[in-house]
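Undergrad: This one is data_15.txt, compact mmCIF, C-alpha atoms.
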```txt
# COMPACT_ATOMS: atom_id res chain seq x y z
CA MET R 1 85.43 15.57 158.36
CA LYS R 2 83.18 14.55 161.25
CA VAL R 3 80.28 12.16 160.60
CA SER R 4 77.23 11.41 162.72
CA VAL R 5 75.46 8.09 162.12
CA LEU R 6 71.74 7.47 162.67
CA GLY R 7 70.95 3.78 163.04
CA ALA R 8 74.41 3.19 164.49
CA THR R 9 73.43 -0.04 166.27
CA GLY R 10 72.05 -1.65 163.11
CA ALA R 11 73.99 -3.75 160.63
CA MET R 12 74.38 -0.97 158.07
CA GLY R 13 75.09 1.67 160.69
CA GLY R 14 77.92 -0.41 162.08
CA LEU R 15 79.41 -0.81 158.62
CA VAL R 16 79.16 2.93 157.98
CA ILE R 17 81.10 3.57 161.20
CA LYS R 18 83.69 0.99 160.18
CA SER R 19 84.07 2.49 156.70
CA ALA R 20 84.33 6.01 158.10
CA LEU R 21 87.12 5.03 160.48
CA GLN R 22 88.98 3.24 157.68
CA GLU R 23 88.84 6.36 155.51
CA GLY R 24 91.61 8.83 156.16
CA GLY R 25 90.64 12.18 157.63
CA ILE R 26 87.21 11.11 158.92
CA SER R 27 86.05 10.71 162.50
CA VAL R 28 82.70 9.63 163.93
CA ALA R 29 81.16 12.42 165.99
CA ASN R 30 77.91 10.81 167.15
CA LYS R 31 76.54 7.25 167.11
CA ILE R 32 72.77 7.39 167.49
CA SER R 33 70.39 4.43 167.48
CA SER R 34 66.93 4.56 165.90
CA SER R 35 65.35 4.93 169.34
CA ASP R 36 67.66 7.70 170.63
CA ASP R 37 66.97 11.44 170.64
CA VAL R 38 67.87 12.61 167.13
CA CYS R 39 68.89 16.08 168.34
CA ASN R 40 72.22 14.56 169.42
CA LEU R 41 72.99 13.83 165.77
CA PHE R 42 73.52 17.50 165.03
CA VAL R 43 76.13 18.23 167.73
CA ASP R 44 79.65 19.10 166.48
CA THR R 45 79.38 17.28 163.15
CA ASP R 46 79.86 18.05 159.45
CA VAL R 47 77.44 15.56 157.92
CA ILE R 48 74.83 12.98 158.98
CA VAL R 49 74.54 9.50 157.45
CA ASP R 50 71.22 7.78 158.08
CA PHE R 51 70.63 4.02 157.74
CA SER R 52 67.85 3.62 160.27
CA CYS R 53 64.09 3.10 159.91
CA PRO R 54 61.31 5.31 158.52
CA PHE R 55 60.26 6.50 162.00
CA ALA R 56 63.77 7.63 162.94
CA THR R 57 64.36 9.20 159.53
CA GLU R 58 61.14 11.17 159.91
CA SER R 59 62.20 12.38 163.36
CA MET R 60 65.55 13.51 161.98
CA LEU R 61 63.95 15.36 159.06
CA ARG R 62 61.38 17.07 161.27
CA TYR R 63 64.08 18.18 163.70
CA ALA R 64 66.29 19.48 160.88
CA SER R 65 63.37 21.33 159.29
CA SER R 66 62.03 22.93 162.47
CA ASN R 67 65.43 23.92 163.87
CA GLY R 68 66.99 25.28 160.68
CA THR R 69 70.12 23.16 161.03
CA GLN R 70 72.88 23.52 158.44
CA ILE R 71 74.13 19.92 158.52
CA PRO R 72 73.99 18.02 155.18
CA LEU R 73 72.02 14.75 155.26
CA VAL R 74 72.81 11.45 153.52
CA ILE R 75 69.79 9.15 153.72
CA GLY R 76 69.98 5.46 152.83
CA THR R 77 66.91 4.31 154.75
CA THR R 78 64.42 2.35 152.64
CA GLY R 79 60.66 1.93 152.92
CA LEU R 80 60.08 5.68 152.97
CA SER R 81 56.71 7.20 152.08
CA LYS R 82 55.58 10.41 150.39
CA ILE R 83 55.62 12.07 153.83
CA HIS R 84 59.35 11.45 154.10
CA LYS R 85 59.98 12.64 150.55
CA ASP R 86 58.02 15.84 151.20
CA LEU R 87 60.09 16.41 154.34
CA MET R 88 63.30 15.87 152.37
CA GLU R 89 62.13 18.43 149.81
CA LYS R 90 61.45 20.92 152.59
CA CYS R 91 64.83 20.35 154.26
CA SER R 92 66.64 20.60 150.92
CA GLN R 93 65.60 24.25 150.63
CA THR R 94 68.08 25.15 153.36
CA VAL R 95 70.61 22.29 153.35
CA PRO R 96 72.00 19.66 150.93
CA VAL R 97 70.00 16.42 151.23
CA PHE R 98 71.03 13.21 149.49
CA HIS R 99 68.69 10.23 149.25
CA SER R 100 69.18 6.91 147.54
CA PRO R 101 67.85 3.44 148.36
CA ASN R 102 71.17 2.05 147.10
CA MET R 103 74.64 3.57 147.49
CA SER R 104 76.40 1.26 145.02
CA PHE R 105 78.14 2.87 142.05
CA LEU R 106 77.39 -0.21 139.93
CA VAL R 107 73.70 0.07 140.75
CA ALA R 108 73.83 3.69 139.56
CA ILE R 109 75.40 2.46 136.31
CA MET R 110 72.72 -0.22 135.98
CA ASN R 111 70.05 2.43 136.50
CA SER R 112 71.40 4.45 133.57
CA VAL R 113 71.50 1.32 131.38
CA LEU R 114 67.86 0.59 132.24
CA TYR R 115 66.88 4.09 131.20
CA MET R 116 68.57 3.57 127.85
CA LEU R 117 66.84 0.22 127.35
CA GLY R 118 63.52 1.76 128.33
CA LYS R 119 64.02 4.35 125.59
CA LEU R 120 65.17 1.87 122.95
CA LEU R 121 62.64 -0.92 123.60
CA ASP R 122 58.97 -0.03 123.31
CA GLU R 123 56.11 -1.54 125.27
CA ASP R 124 56.07 -4.64 123.06
CA PHE R 125 58.82 -5.68 125.48
CA ASP R 126 57.38 -6.72 128.83
CA VAL R 127 59.41 -5.57 131.84
CA GLU R 128 59.82 -7.66 134.98
CA VAL R 129 61.77 -6.67 138.11
CA LEU R 130 62.97 -9.46 140.40
CA GLU R 131 64.69 -8.76 143.70
CA SER R 132 66.02 -11.05 146.44
CA HIS R 133 67.09 -10.08 149.96
CA HIS R 134 67.74 -11.68 153.34
CA ARG R 135 64.87 -12.88 155.50
CA LEU R 136 65.16 -9.92 157.91
CA LYS R 137 64.42 -7.19 155.36
CA LYS R 138 61.07 -5.60 156.20
CA ASP R 139 60.10 -3.52 153.15
CA ALA R 140 59.07 -5.03 149.83
CA PRO R 141 59.72 -4.49 147.02
CA SER R 142 63.09 -3.03 147.83
CA GLY R 143 63.73 0.66 147.34
CA THR R 144 66.19 -0.22 144.60
CA ALA R 145 63.61 -2.31 142.72
CA ILE R 146 61.12 0.55 142.90
CA MET R 147 63.82 2.97 141.72
CA PHE R 148 64.46 0.75 138.70
CA GLY R 149 60.73 0.65 138.01
CA HIS R 150 60.52 4.44 138.11
CA THR R 151 63.49 4.67 135.75
CA VAL R 152 62.00 2.37 133.10
CA ALA R 153 58.55 3.93 133.41
CA GLY R 154 60.03 7.42 133.13
CA ALA R 155 62.01 6.43 130.04
CA ARG R 156 58.71 5.41 128.46
CA ASN R 157 56.99 8.60 129.58
CA ARG R 158 54.77 6.68 131.97
CA ASN R 159 54.04 7.03 135.68
CA LEU R 160 55.07 3.93 137.62
CA ASP R 161 51.89 4.08 139.72
CA ASP R 162 49.90 3.59 136.51
CA VAL R 163 51.84 0.60 135.16
CA ALA R 164 53.25 -1.26 138.19
CA ASN R 165 51.90 -4.67 139.18
CA PHE R 166 52.98 -5.68 142.67
CA ILE R 167 50.39 -8.41 143.31
CA ARG R 168 49.71 -11.58 141.33
CA TYR R 169 47.57 -14.21 143.01
CA GLY R 170 44.79 -16.50 141.89
CA ILE R 171 43.03 -15.85 138.61
CA ILE R 172 44.52 -12.67 137.22
CA GLU R 173 43.75 -10.57 134.19
CA GLN R 174 45.78 -10.79 131.02
CA ARG R 175 48.95 -8.74 131.24
CA LYS R 176 48.42 -5.14 130.16
CA ARG R 177 50.64 -3.52 127.56
CA GLY R 178 53.35 -1.49 129.28
CA GLU R 179 52.91 -3.22 132.64
CA ILE R 180 56.00 -3.46 134.87
CA GLY R 181 55.84 -6.50 137.11
CA PHE R 182 57.60 -6.95 140.44
CA ALA R 183 58.57 -10.18 142.19
CA VAL R 184 60.11 -10.44 145.66
CA GLN R 185 62.15 -13.11 147.45
CA ARG R 186 63.04 -13.00 151.16
CA CYS R 187 65.30 -15.86 152.17
CA GLY R 188 68.46 -16.78 154.05
CA SER R 189 71.22 -14.21 154.21
CA VAL R 190 71.04 -12.88 150.64
CA VAL R 191 72.66 -9.43 150.65
CA GLY R 192 70.80 -8.16 147.62
CA THR R 193 70.14 -9.21 144.04
CA HIS R 194 68.23 -7.19 141.43
CA GLU R 195 67.40 -8.36 137.92
CA VAL R 196 65.38 -6.46 135.32
CA SER R 197 64.19 -8.29 132.21
CA PHE R 198 62.91 -6.87 128.93
CA VAL R 199 61.05 -9.74 127.29
CA GLY R 200 59.89 -9.60 123.67
CA SER R 201 58.05 -12.16 121.58
CA CYS R 202 61.23 -13.72 120.20
CA GLU R 203 64.09 -12.43 122.35
CA ASN R 204 64.88 -10.89 125.70
CA ILE R 205 67.62 -9.09 127.57
CA LYS R 206 68.33 -9.08 131.31
CA VAL R 207 70.39 -6.74 133.45
CA LYS R 208 71.43 -8.03 136.86
CA HIS R 209 73.32 -6.74 139.90
CA GLU R 210 74.40 -8.92 142.80
CA ALA R 211 75.84 -7.58 146.04
CA SER R 212 78.07 -9.98 147.94
CA SER R 213 78.64 -7.67 150.93
CA LYS R 214 76.79 -4.77 152.54
CA GLU R 215 80.14 -3.00 152.82
CA ILE R 216 79.73 -1.64 149.28
CA PHE R 217 76.75 0.41 150.47
CA ALA R 218 78.59 1.70 153.54
CA ARG R 219 81.65 2.70 151.52
CA GLY R 220 79.40 4.36 148.97
CA ALA R 221 77.66 6.34 151.70
CA ILE R 222 80.97 7.66 153.02
CA GLN R 223 82.02 8.74 149.53
CA VAL R 224 78.67 10.51 149.13
CA ALA R 225 79.15 12.19 152.53
CA LYS R 226 82.52 13.57 151.41
CA TRP R 227 80.86 14.88 148.24
CA ILE R 228 77.64 16.33 149.71
CA ILE R 229 79.39 18.71 152.14
CA ASN R 230 80.63 20.67 149.11
CA GLN R 231 77.23 20.94 147.39
CA CYS R 232 74.67 23.73 147.44
CA ASN R 233 71.26 23.35 149.05
CA GLY R 234 69.06 20.91 147.17
CA LEU R 235 67.84 17.33 146.93
CA TYR R 236 70.36 14.95 145.35
CA SER R 237 70.40 11.34 144.14
CA MET R 238 72.99 8.84 142.93
CA ASN R 239 72.55 10.25 139.43
CA ASP R 240 73.82 13.60 140.69
CA PHE R 241 76.74 11.96 142.48
CA THR R 242 77.85 9.88 139.49
CA LYS R 243 77.04 12.16 136.55
CA ASP R 244 80.39 13.99 136.56
CA VAL R 245 82.04 10.60 136.02
CA THR R 246 79.53 8.85 133.79
CA ILE R 247 78.41 11.57 131.34
CA PRO R 248 81.87 12.21 129.78
CA VAL R 249 82.49 8.47 129.54
CA LEU R 250 79.09 7.74 127.96
CA ASN R 251 79.52 10.56 125.46
CA ALA R 252 82.97 9.31 124.49
CA LEU R 253 81.82 5.69 124.26
CA SER R 254 78.88 6.52 122.00
CA ARG R 255 81.15 8.35 119.58
CA GLU R 256 83.83 5.68 119.64
CA PHE R 257 81.41 2.77 119.26
CA PHE R 258 79.40 4.09 116.33
CA GLU R 259 82.38 5.60 114.54
CA LYS R 260 84.29 2.30 114.62
CA GLN R 261 81.48 0.10 113.33
```
So that I can check it, write out the structure of this file as structure tokens.

TA:
Amino acid sequence: MKVSVLGATGAMGGLVIKSALQEGGISVANKISSSDDVCNLFVDTDVIVDFSCPFATESMLRYASSNGTQIPLVIGTTGLSKIHKDLMEKCSQTVPVFHSPNMSFLVAIMNSVLYMLGKLLDEDFDVEVLESHHRLKKDAPSGTAIMFGHTVAGARNRNLDDVANFIRYGIIEQRKRGEIGFAVQRCGSVVGTHEVSFVGSCENIKVKHEASSKEIFARGAIQVAKWIINQCNGLYSMNDFTKDVTIPVLNALSREFFEKQ
């Protein structure tokens, strides 16, 4: 399999190249920086992995859409807007497109746990999302934090835009029922920490993921790249990538747990 990397000169792009070369049977066809001509990504390659910036991602999507390319796309760029998501939808009509703000398998597992908690715990439980990243990260809250917010809101049949609170400063109103609060830290060289709390009047539960190395995201992207080249046209997420593994296990666990109690 031949991989092209967009954002190759960045920290994540370099790790994707390293992970690809460490994986047997994979070569790197094209190494393109965020400022290079994106058309070179599509030359003699089987799949494109993108860890760049919103501008470069948009250029790649527009080129793929207008030129009818048949190269699957794996997009890990964060800070994307509705414009980018609409472009991904358009591209996915003719080619497999995968997008996730986080390529960690454990984050995908955490996301499914948060959905379950969102279903089990009603809006008497306040939800707070805390995320910490290194001082160089430009978008806030992180794409992963927003993904978690969407998951909990969706589990409660709510739209995140209607319940999210991203700003707290000065004299603020009393917390609204069902509100999902976000807090952001940017400091030092923190790779990435996400914690979601469900806080009731007498008890609370927290789910937390800590990344100690960015390599987990690069390795995850390469595994996704190997998977996406065998998929049909469409827009995919980490849930699609992990469901063949997680659904049978979750079904078995639910039966085993309740039957043995």

Undergrad: For the contact check between stretch 18-70 of chain R and stretch 191-214 of chain R, emit one row per residue of stretch 18-70 of chain R within 12 Å, containing the shortest atom pair and the distance in Å rounded to one decimal, counting only C-alpha atoms, chain then rising number order, as JSON lines.

TA:
```
{"residue": "R:Lys18", "atom": "CA", "partner": "R:Lys214", "partner_atom": "CA", "distance": 11.8}
{"residue": "R:Ser19", "atom": "CA", "partner": "R:Lys214", "partner_atom": "CA", "distance": 11.1}
{"residue": "R:Phe51", "atom": "CA", "partner": "R:Lys214", "partner_atom": "CA", "distance": 11.9}
```

Undergrad: One decimal, Å: what's the distance from atom CA of R:Lys90 over to atom CA of R:Ser65, could you say?

TA: 7.0 Å

Undergrad: Which one is closest to R:Ile216: R:Ser132, R:Asn102, R:Ser66, R:Thr77? Count only C-alpha atoms.

TA: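 Closest candidate: R:Asn102.
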
Undergrad: Can you tell me which residues surround R:Lys138 at a distance of at most 12 Å, considering all atoms listed in the file, apart from same-chain residues fewer than 2 positions away, and format the answer as a list in words?

TA: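 Surrounding residues, per the criterion: Cys53, Pro54, Thr77, Thr78, Gly79, Leu80, His133, His134, Arg135, Leu136, Ala140, Pro141, Ser142, Gly143, Val184, Gln185, Arg186 and Cys187 of chain R.
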
Undergrad: Do a neighbour search on R:Leu61 at 12 Å with all atoms listed in the file, toss out local chain neighbours closer than 2 positions, and write the hits as a count of residues only.

TA: 37

Undergrad: Compile the contact shell of R:Thr94 as a list in words: residues with an atom at most 8 Å away, counting only C-alpha atoms, same-chain residues fewer than 5 positions apart removed.

TA: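 The residues satisfying every condition are Gly68, Gln70, Asn233 and Gly234 of chain R.
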
Undergrad: Neighbouring residues of R:Asn165 were defined as those with any atom within 12 Å, considering all atoms listed in the file; residues of the same chain fewer than 6 positions away were excluded. Please report them as a list in words.

TA: Asp126, Val127, Glu128, Val129, Pro141, Ile146, Gly149, Ile172, Glu173, Gln174, Arg175, Lys176, Arg177, Gly178, Glu179, Ile180, Gly181, Phe182, Ala183 and Val184 of chain R

Undergrad: Write out as a PyMOL selection string each polymer residue whose atoms come within 7 Å of R:Ser100, counting all atoms listed in the file; drop sequence neighbours fewer than 5 positions from it.

TA: chain R and resi 75-76+237-238

Undergrad: To box stretch 50-54 of chain R, take all atoms listed in the file, fit an axis-aligned box, add 3 Å on each side, and give centre and edge lengths in Å to one decimal, as lines of an AutoDock Vina configuration file.

TA:
```
center_x = 66.3
center_y = 5.4
center_z = 159.0
size_x = 15.9
size_y = 10.7
size_z = 8.5
```

Undergrad: Of the candidates R:Phe166, R:Ala8, R:Asp161, R:Glu259, which shows the shortest atom-to-atom distance to R:Leu130, using only C-alpha atoms?

TA: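 Of the candidates, the smallest distance to R:Leu130 is held by R:Phe166.
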
Undergrad: Could you tell me how far atom CA of R:Val5 sits from atom CA of R:Glu23, in Å to one decimal place?

TA: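 It comes out at 15.0 Å.
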